[in-house]
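Quick notes on the structure that follows.
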Amino acid sequence: MPLDPPNLDPLLSPESVAVVGASPDSWYSSRLLDNLLEYGFDGTVYPVNPNRDEAWGRTCYDDLSAVPEPVDLAVVSVPREYVVETVAEAGREGIPAALVITAGFGEADDRGAELEADLAEVASDHGVRLAGPNCIGLANAVEGTVLTSTCSRRPEPGRIGLVSQSGALAFTTFFERGADEDTDFAYVVSTGNEVDLSVTEYVEYMAADPDVDVICAYVEGIDDPQAFMRVADEAVRAGTPVLTVKVGRSGVAEAATLSHTGSLTGSDDAWNAAFEQTGVERVPDIPDLLARASAHTEFEPPSSDRLCIASTSGGLASLLADMAAERGLSLPAIDGATEQRLLDMDDLLTFGEMHNPADIRGYGADAIPEIAAALFDDDGFDVYVFAIALSAVDADAADIATDLLRVREMADDPVLFLWTGRKEPADLDDPQPYERVSEAVPLYYDPSRCLDAVESLVAAGEAQRRSSPSRATLRSESDGNRAGELPADRVLTWTEAASLLDAYDIDVLETRVATSPAKAVEYASAFGYPVAMKVDSVDVPHRTDADAVRVGLEDDAAVREAYAAILENVADYDPAADVEGVLVQPQVDEGVEALVGVADEPGFGSVVTVGPGGTRVEVLDDVTVRVPPLSAADARSAVAGTALSDLLAAHRGRAAADAEALVSLVRRVGRLAADVDDLAALDLNPVVVHEDGISVVDVLARTE
């Protein structure tokens, strides 16, 4: 289970609640109290309002100190000027948790930001775990605790944990749409401005709850992405999938996020990396999230991606086959005894062979359990889809619904049902046949949603079975910053940069710093011709911009000429440039040029970038991002995620380049990036990947 989950029971499973600001005249507090009392809370409720003697048939107390017994949770719905003192009073009274509904804090104006800072300090000083402010509320459907004004019906207990940084979406969209589709939640939590409790802590708490099979998160921005990665990684490895809708792909969305919550979002590439490295599934929209989550509440992940599809429509079967291929799912053949068993069925119209997807035609709708039994007995498949392209409301639909429910009882592996036929009859009965199925098991009406759910189940299994070290383990492997103190806020000289890399066992190409033409010739002769030369200057980080690089130098005269030309060109480029000297290097044999870099990413700290190097950097614009520290699998997937995968492979008689040497370098750069806080940027470009080994030819390092 996740490591040391926070104790949020007083907030999410309180036995007693005091509602401060409770008033029948207040829309928020009145509806919240109505919902709390009507939707199944069996604890004690205390209205607190100094301006009323009684409300909801209960005594109203002047303040929290007047409540006759200690309570678990204080719900705060008072004007923002009184929130800080109310939470302080809760702390003095020993109340362990507070839910602040009141808005008008950091998301509003400068005064609100000041109050928000004060609120965070007060909550911390008094040991109050605080949800909000600007929080629309939360619900624990398993225990019947509904603490929100925006819930139009009593939540039915389910096995999905939902945490959302948008309060309105949490209840009016996620919850309501889910309820319409028989998708129920264990928890629905809106996080508000997160002055204390964040998405990360709710995910950690829910992952430790045996009533939760899958966690859904709507994320706008997270202040500590590394903590979220650790928690999500532990949850997924322990068998609780985490599905996320993360907004901020576009500049418009990012601006809306900033104005809505005042939070800072990291770049989309960094977030994609964070999700991929921890097994979190990024989902494009809310219907997708619910469709995939519902599958996880019904099924354990399959042991492989071997999918079998049976469809009453050949066209639908072909469509599903294409969709499966797009999602990387395999469709093993139906052959041998299984194929013959299907061909021998009297009720199944066949023409001498059966493929996967299996076109069982409309006739097959009368023999679904028999078909399912044959397919389930075949060890070649681990997940199934039965696609019914027939009316869901006619007389035959009742029999089909019964058969589908029977098939679910027969199955040991995940079996998903897709029903694409008519759903609205002329005369409504209650329930419709398809509704009998959807109330018992997840039922899909759209082919893409169905295949997305299959893909999600398969991905969860693969993430759970990962053998690579966890994020917590990778963090614990660090022995601290090996590089020592670096010069602040400038580009490092070659010697300084090489020393930094050497601390992390990263060897650069043997290089000498020449301070005269004679020394340049001496070094070149020692290396043996040909050689390359370039300026070493903190004021000229991009040497080619100053025409300060020469390659393929074949003799002493060429070296002297290059030395003079490089210094002259630098002087023309920047007369004030501080020049350490001219670097002399042996000419590197041909190979595949790669880029390995470190960039500063808001929220994440440093991220590692990998892609084709040399002149291809600008041409291809093809890099992958990973969040350090990196496992070998992280580094390998970074290399494989760009054109480097093809460039490194053997091609037309050329031997393959040493991809594993590059992977090892990427991982070591990841450790450096994780350890060295004051590194603003690092570019190793080009890194030449040979048939055996690599050469780090050029380095640019800049500190903060």
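In the structure tokens, each chain is lettered A, B, ... as it comes, each chain's residues begin at 1, and ligands are numbered from 1 in order of appearance.
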Test item, helix (DSSP H, G or I) assignment across range 395-592 of chain A, answer as a PyMOL selection string: chain A and resi 395-410+433-440+447-464+471-476+494-502+517-527+543-546+556-573
Just to be explicit: take each residue in the selection above, keep C-alpha atoms, and write the result as a tab-separated table (two decimals), in the first residue's frame.
chain	number	residue	atom	x	y	z
A	395	ALA	CA	-38.50	-8.42	-27.69
A	396	ASP	CA	-35.24	-10.30	-28.36
A	397	ALA	CA	-33.26	-7.79	-26.29
A	398	ALA	CA	-34.61	-9.24	-23.05
A	399	ASP	CA	-33.13	-12.63	-23.90
A	400	ILE	CA	-29.84	-11.03	-24.96
A	401	ALA	CA	-29.64	-9.11	-21.68
A	402	THR	CA	-30.18	-12.32	-19.72
A	403	ASP	CA	-27.51	-14.09	-21.74
A	404	LEU	CA	-24.98	-11.29	-21.24
A	405	LEU	CA	-25.48	-11.39	-17.48
A	406	ARG	CA	-25.02	-15.15	-17.61
A	407	VAL	CA	-21.81	-14.74	-19.60
A	408	ARG	CA	-20.46	-12.36	-16.96
A	409	GLU	CA	-21.06	-15.01	-14.31
A	410	MET	CA	-19.22	-17.57	-16.45
A	433	PRO	CA	-33.24	-4.82	-21.07
A	434	TYR	CA	-29.97	-2.95	-21.52
A	435	GLU	CA	-30.55	-1.21	-18.20
A	436	ARG	CA	-30.64	-4.58	-16.46
A	437	VAL	CA	-27.16	-5.20	-17.82
A	438	SER	CA	-25.77	-1.73	-17.06
A	439	GLU	CA	-27.01	-1.87	-13.48
A	440	ALA	CA	-25.06	-5.09	-12.92
A	447	PRO	CA	-16.92	1.22	-29.72
A	448	SER	CA	-14.06	3.58	-28.90
A	449	ARG	CA	-15.10	3.87	-25.25
A	450	CYS	CA	-15.23	0.09	-25.00
A	451	LEU	CA	-11.77	-0.42	-26.51
A	452	ASP	CA	-10.41	2.43	-24.36
A	453	ALA	CA	-11.62	0.51	-21.30
A	454	VAL	CA	-9.87	-2.65	-22.51
A	455	GLU	CA	-6.67	-0.68	-23.11
A	456	SER	CA	-6.95	0.85	-19.64
A	457	LEU	CA	-7.27	-2.56	-17.99
A	458	VAL	CA	-4.27	-3.87	-19.91
A	459	ALA	CA	-2.19	-0.78	-19.08
A	460	ALA	CA	-3.03	-1.09	-15.39
A	461	GLY	CA	-1.80	-4.66	-15.38
A	462	GLU	CA	1.45	-3.73	-17.09
A	463	ALA	CA	2.02	-0.83	-14.69
A	464	GLN	CA	1.31	-3.03	-11.68
A	471	ARG	CA	10.06	6.44	-7.21
A	472	ALA	CA	10.68	6.20	-3.47
A	473	THR	CA	13.51	3.72	-4.03
A	474	LEU	CA	15.11	5.85	-6.74
A	475	ARG	CA	15.02	8.85	-4.41
A	476	SER	CA	16.56	6.87	-1.56
A	494	TRP	CA	34.81	23.52	-19.97
A	495	THR	CA	36.95	22.53	-16.98
A	496	GLU	CA	34.16	23.29	-14.51
A	497	ALA	CA	31.56	21.47	-16.59
A	498	ALA	CA	33.81	18.44	-17.06
A	499	SER	CA	34.40	18.31	-13.29
A	500	LEU	CA	30.65	18.41	-12.66
A	501	LEU	CA	30.08	15.53	-15.07
A	502	ASP	CA	32.99	13.54	-13.69
A	517	PRO	CA	48.94	28.49	-30.84
A	518	ALA	CA	51.98	26.52	-29.72
A	519	LYS	CA	50.03	24.72	-26.99
A	520	ALA	CA	47.26	23.98	-29.48
A	521	VAL	CA	49.78	22.36	-31.84
A	522	GLU	CA	51.33	20.44	-28.94
A	523	TYR	CA	47.96	19.02	-27.89
A	524	ALA	CA	46.90	18.25	-31.44
A	525	SER	CA	50.12	16.39	-32.13
A	526	ALA	CA	49.69	14.37	-28.95
A	527	PHE	CA	46.17	13.39	-29.94
A	543	ARG	CA	30.04	28.57	-30.30
A	544	THR	CA	28.68	28.19	-33.82
A	545	ASP	CA	26.89	31.54	-33.47
A	546	ALA	CA	30.31	33.15	-33.23
A	556	ASP	CA	50.09	21.91	-37.46
A	557	ALA	CA	49.53	24.80	-39.87
A	558	ALA	CA	45.79	24.23	-39.91
A	559	VAL	CA	45.75	24.24	-36.09
A	560	ARG	CA	47.61	27.57	-35.90
A	561	GLU	CA	45.31	29.09	-38.49
A	562	ALA	CA	42.21	27.79	-36.68
A	563	TYR	CA	43.44	29.15	-33.35
A	564	ALA	CA	43.83	32.65	-34.76
A	565	ALA	CA	40.53	32.56	-36.66
A	566	ILE	CA	38.56	31.39	-33.62
A	567	LEU	CA	39.86	34.19	-31.39
A	568	GLU	CA	39.33	36.79	-34.11
A	569	ASN	CA	35.75	35.67	-34.72
A	570	VAL	CA	34.96	35.70	-31.00
A	571	ALA	CA	36.34	39.24	-30.69
A	572	ASP	CA	34.11	40.35	-33.55
A	573	TYR	CA	31.10	38.56	-32.00
Within 12 Å of range 331-333 of chain A, counting only C-alpha atoms, which residues qualify if same-chain residues fewer than 4 places away don't, as number ranges by chain? A: 304-310, 317-318, 320-327, 337-339, 353-358, 375, 378-385
Could you write those residues out with C-alpha atoms, as a PDB file, in the first residue's frame?
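Output file part.pdb is given in full below:
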ATOM      1  CA  SER A 304      -1.796  -9.907 -21.054  1.00  0.00           C
ATOM      2  CA  ASP A 305      -3.200  -7.829 -23.927  1.00  0.00           C
ATOM      3  CA  ARG A 306      -4.478 -10.902 -25.812  1.00  0.00           C
ATOM      4  CA  LEU A 307      -7.983  -9.810 -26.775  1.00  0.00           C
ATOM      5  CA  CYS A 308     -10.796 -11.849 -28.287  1.00  0.00           C
ATOM      6  CA  ILE A 309     -13.719 -10.037 -29.937  1.00  0.00           C
ATOM      7  CA  ALA A 310     -17.037 -11.621 -30.870  1.00  0.00           C
ATOM      8  CA  ALA A 317     -15.911  -6.541 -35.923  1.00  0.00           C
ATOM      9  CA  SER A 318     -13.600  -4.947 -38.499  1.00  0.00           C
ATOM     10  CA  LEU A 320     -13.058  -3.018 -33.449  1.00  0.00           C
ATOM     11  CA  ALA A 321     -10.068  -4.822 -34.957  1.00  0.00           C
ATOM     12  CA  ASP A 322      -8.692  -1.536 -36.271  1.00  0.00           C
ATOM     13  CA  MET A 323      -9.305   0.156 -32.928  1.00  0.00           C
ATOM     14  CA  ALA A 324      -7.543  -2.667 -31.101  1.00  0.00           C
ATOM     15  CA  ALA A 325      -4.511  -2.303 -33.379  1.00  0.00           C
ATOM     16  CA  GLU A 326      -4.417   1.466 -32.798  1.00  0.00           C
ATOM     17  CA  ARG A 327      -4.268   0.791 -29.058  1.00  0.00           C
ATOM     18  CA  ALA A 337     -10.200 -27.009 -31.226  1.00  0.00           C
ATOM     19  CA  THR A 338     -11.784 -23.643 -30.419  1.00  0.00           C
ATOM     20  CA  GLU A 339     -12.366 -22.818 -34.066  1.00  0.00           C
ATOM     21  CA  GLU A 353     -13.523 -20.696 -40.808  1.00  0.00           C
ATOM     22  CA  MET A 354     -13.609 -18.380 -37.810  1.00  0.00           C
ATOM     23  CA  HIS A 355     -11.299 -15.429 -37.267  1.00  0.00           C
ATOM     24  CA  ASN A 356     -10.585 -13.009 -34.427  1.00  0.00           C
ATOM     25  CA  PRO A 357     -12.621 -10.798 -34.327  1.00  0.00           C
ATOM     26  CA  ALA A 358     -15.244 -13.504 -34.619  1.00  0.00           C
ATOM     27  CA  LEU A 375     -13.860 -18.852 -26.154  1.00  0.00           C
ATOM     28  CA  ASP A 378      -9.223 -21.243 -24.888  1.00  0.00           C
ATOM     29  CA  ASP A 379      -6.071 -20.285 -22.967  1.00  0.00           C
ATOM     30  CA  GLY A 380      -5.000 -18.043 -25.840  1.00  0.00           C
ATOM     31  CA  PHE A 381      -7.069 -15.067 -24.634  1.00  0.00           C
ATOM     32  CA  ASP A 382      -7.059 -13.011 -21.442  1.00  0.00           C
ATOM     33  CA  VAL A 383      -9.694 -10.345 -22.126  1.00  0.00           C
ATOM     34  CA  TYR A 384     -12.905 -10.414 -24.174  1.00  0.00           C
ATOM     35  CA  VAL A 385     -15.354  -8.058 -25.863  1.00  0.00           C
TER      36      VAL A 385
END
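Distances from A:Tyr218, A:Pro133, A:Pro686, A:Val610 to Leu197 in chain A were compared using only C-alpha atoms, and the smallest one belongs to A:Pro133.
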Please provide the set of residues having any atom within 8 Å of Glu554 in chain A, restricted to only C-alpha atoms, with same-chain residues fewer than 6 positions apart removed, written as a PyMOL selection string. chain A and resi 529-531
Kindly export the residues of the current selection with C-alpha atoms, as a PDB file, in the first residue's frame.
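Ended up saving to part19.pdb:
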ATOM      1  CA  TYR A 529      45.433  14.273 -36.524  1.00  0.00           C
ATOM      2  CA  PRO A 530      42.726  15.101 -37.443  1.00  0.00           C
ATOM      3  CA  VAL A 531      41.506  17.249 -34.528  1.00  0.00           C
TER       4      VAL A 531
END
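Counting only C-alpha atoms and comparing A:Ala235, A:Val247, A:Ile334, A:Ala270, the residue that lies closest to Thr624 in chain A is A:Ala270.
Of the residues under consideration (A:Ala661, A:Leu147, A:Val687, A:Val84), A:Leu147 shows the shortest atom-to-atom contact distance to Asn35 in chain A when counting only C-alpha atoms.
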Residues near Val535 in chain A, anyone? I mean within 7 Å using only C-alpha atoms, not counting same-chain ones fewer than 3 positions away, as a PyMOL selection string. chain A and resi 543+548-549+566+581-583
Near Ala638 in chain A, within 9 Å and counting only C-alpha atoms, which residues show up once chain neighbours fewer than 4 positions away are dropped, as a PyMOL selection string? chain A and resi 609-611+623-626+633-634+642+663+666
Grab the CA of Val584 in chain A to CA of Ser695 in chain A distance for me, in Å with one decimal place. 14.7 Å
Test item: residues at most 6 Å from range 36-51 of chain A, only C-alpha atoms, excluding those fewer than 5 positions along its chain, as an MDAnalysis selection string: chainID A and resid 15:22 60:63 144:147 154
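When CA of Val87 in chain A is paired with CA of Ala117 in chain A, their separation reads 13.0 Å.
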In Å and to one decimal, CA of Val83 in chain A is distant from CA of Ser30 in chain A by 17.9 Å
Which residue out of A:Ser516, A:Glu107, A:Ala659, A:Val699 has the minimum interatomic distance to Val538 in chain A when only C-alpha atoms are used? A:Val699
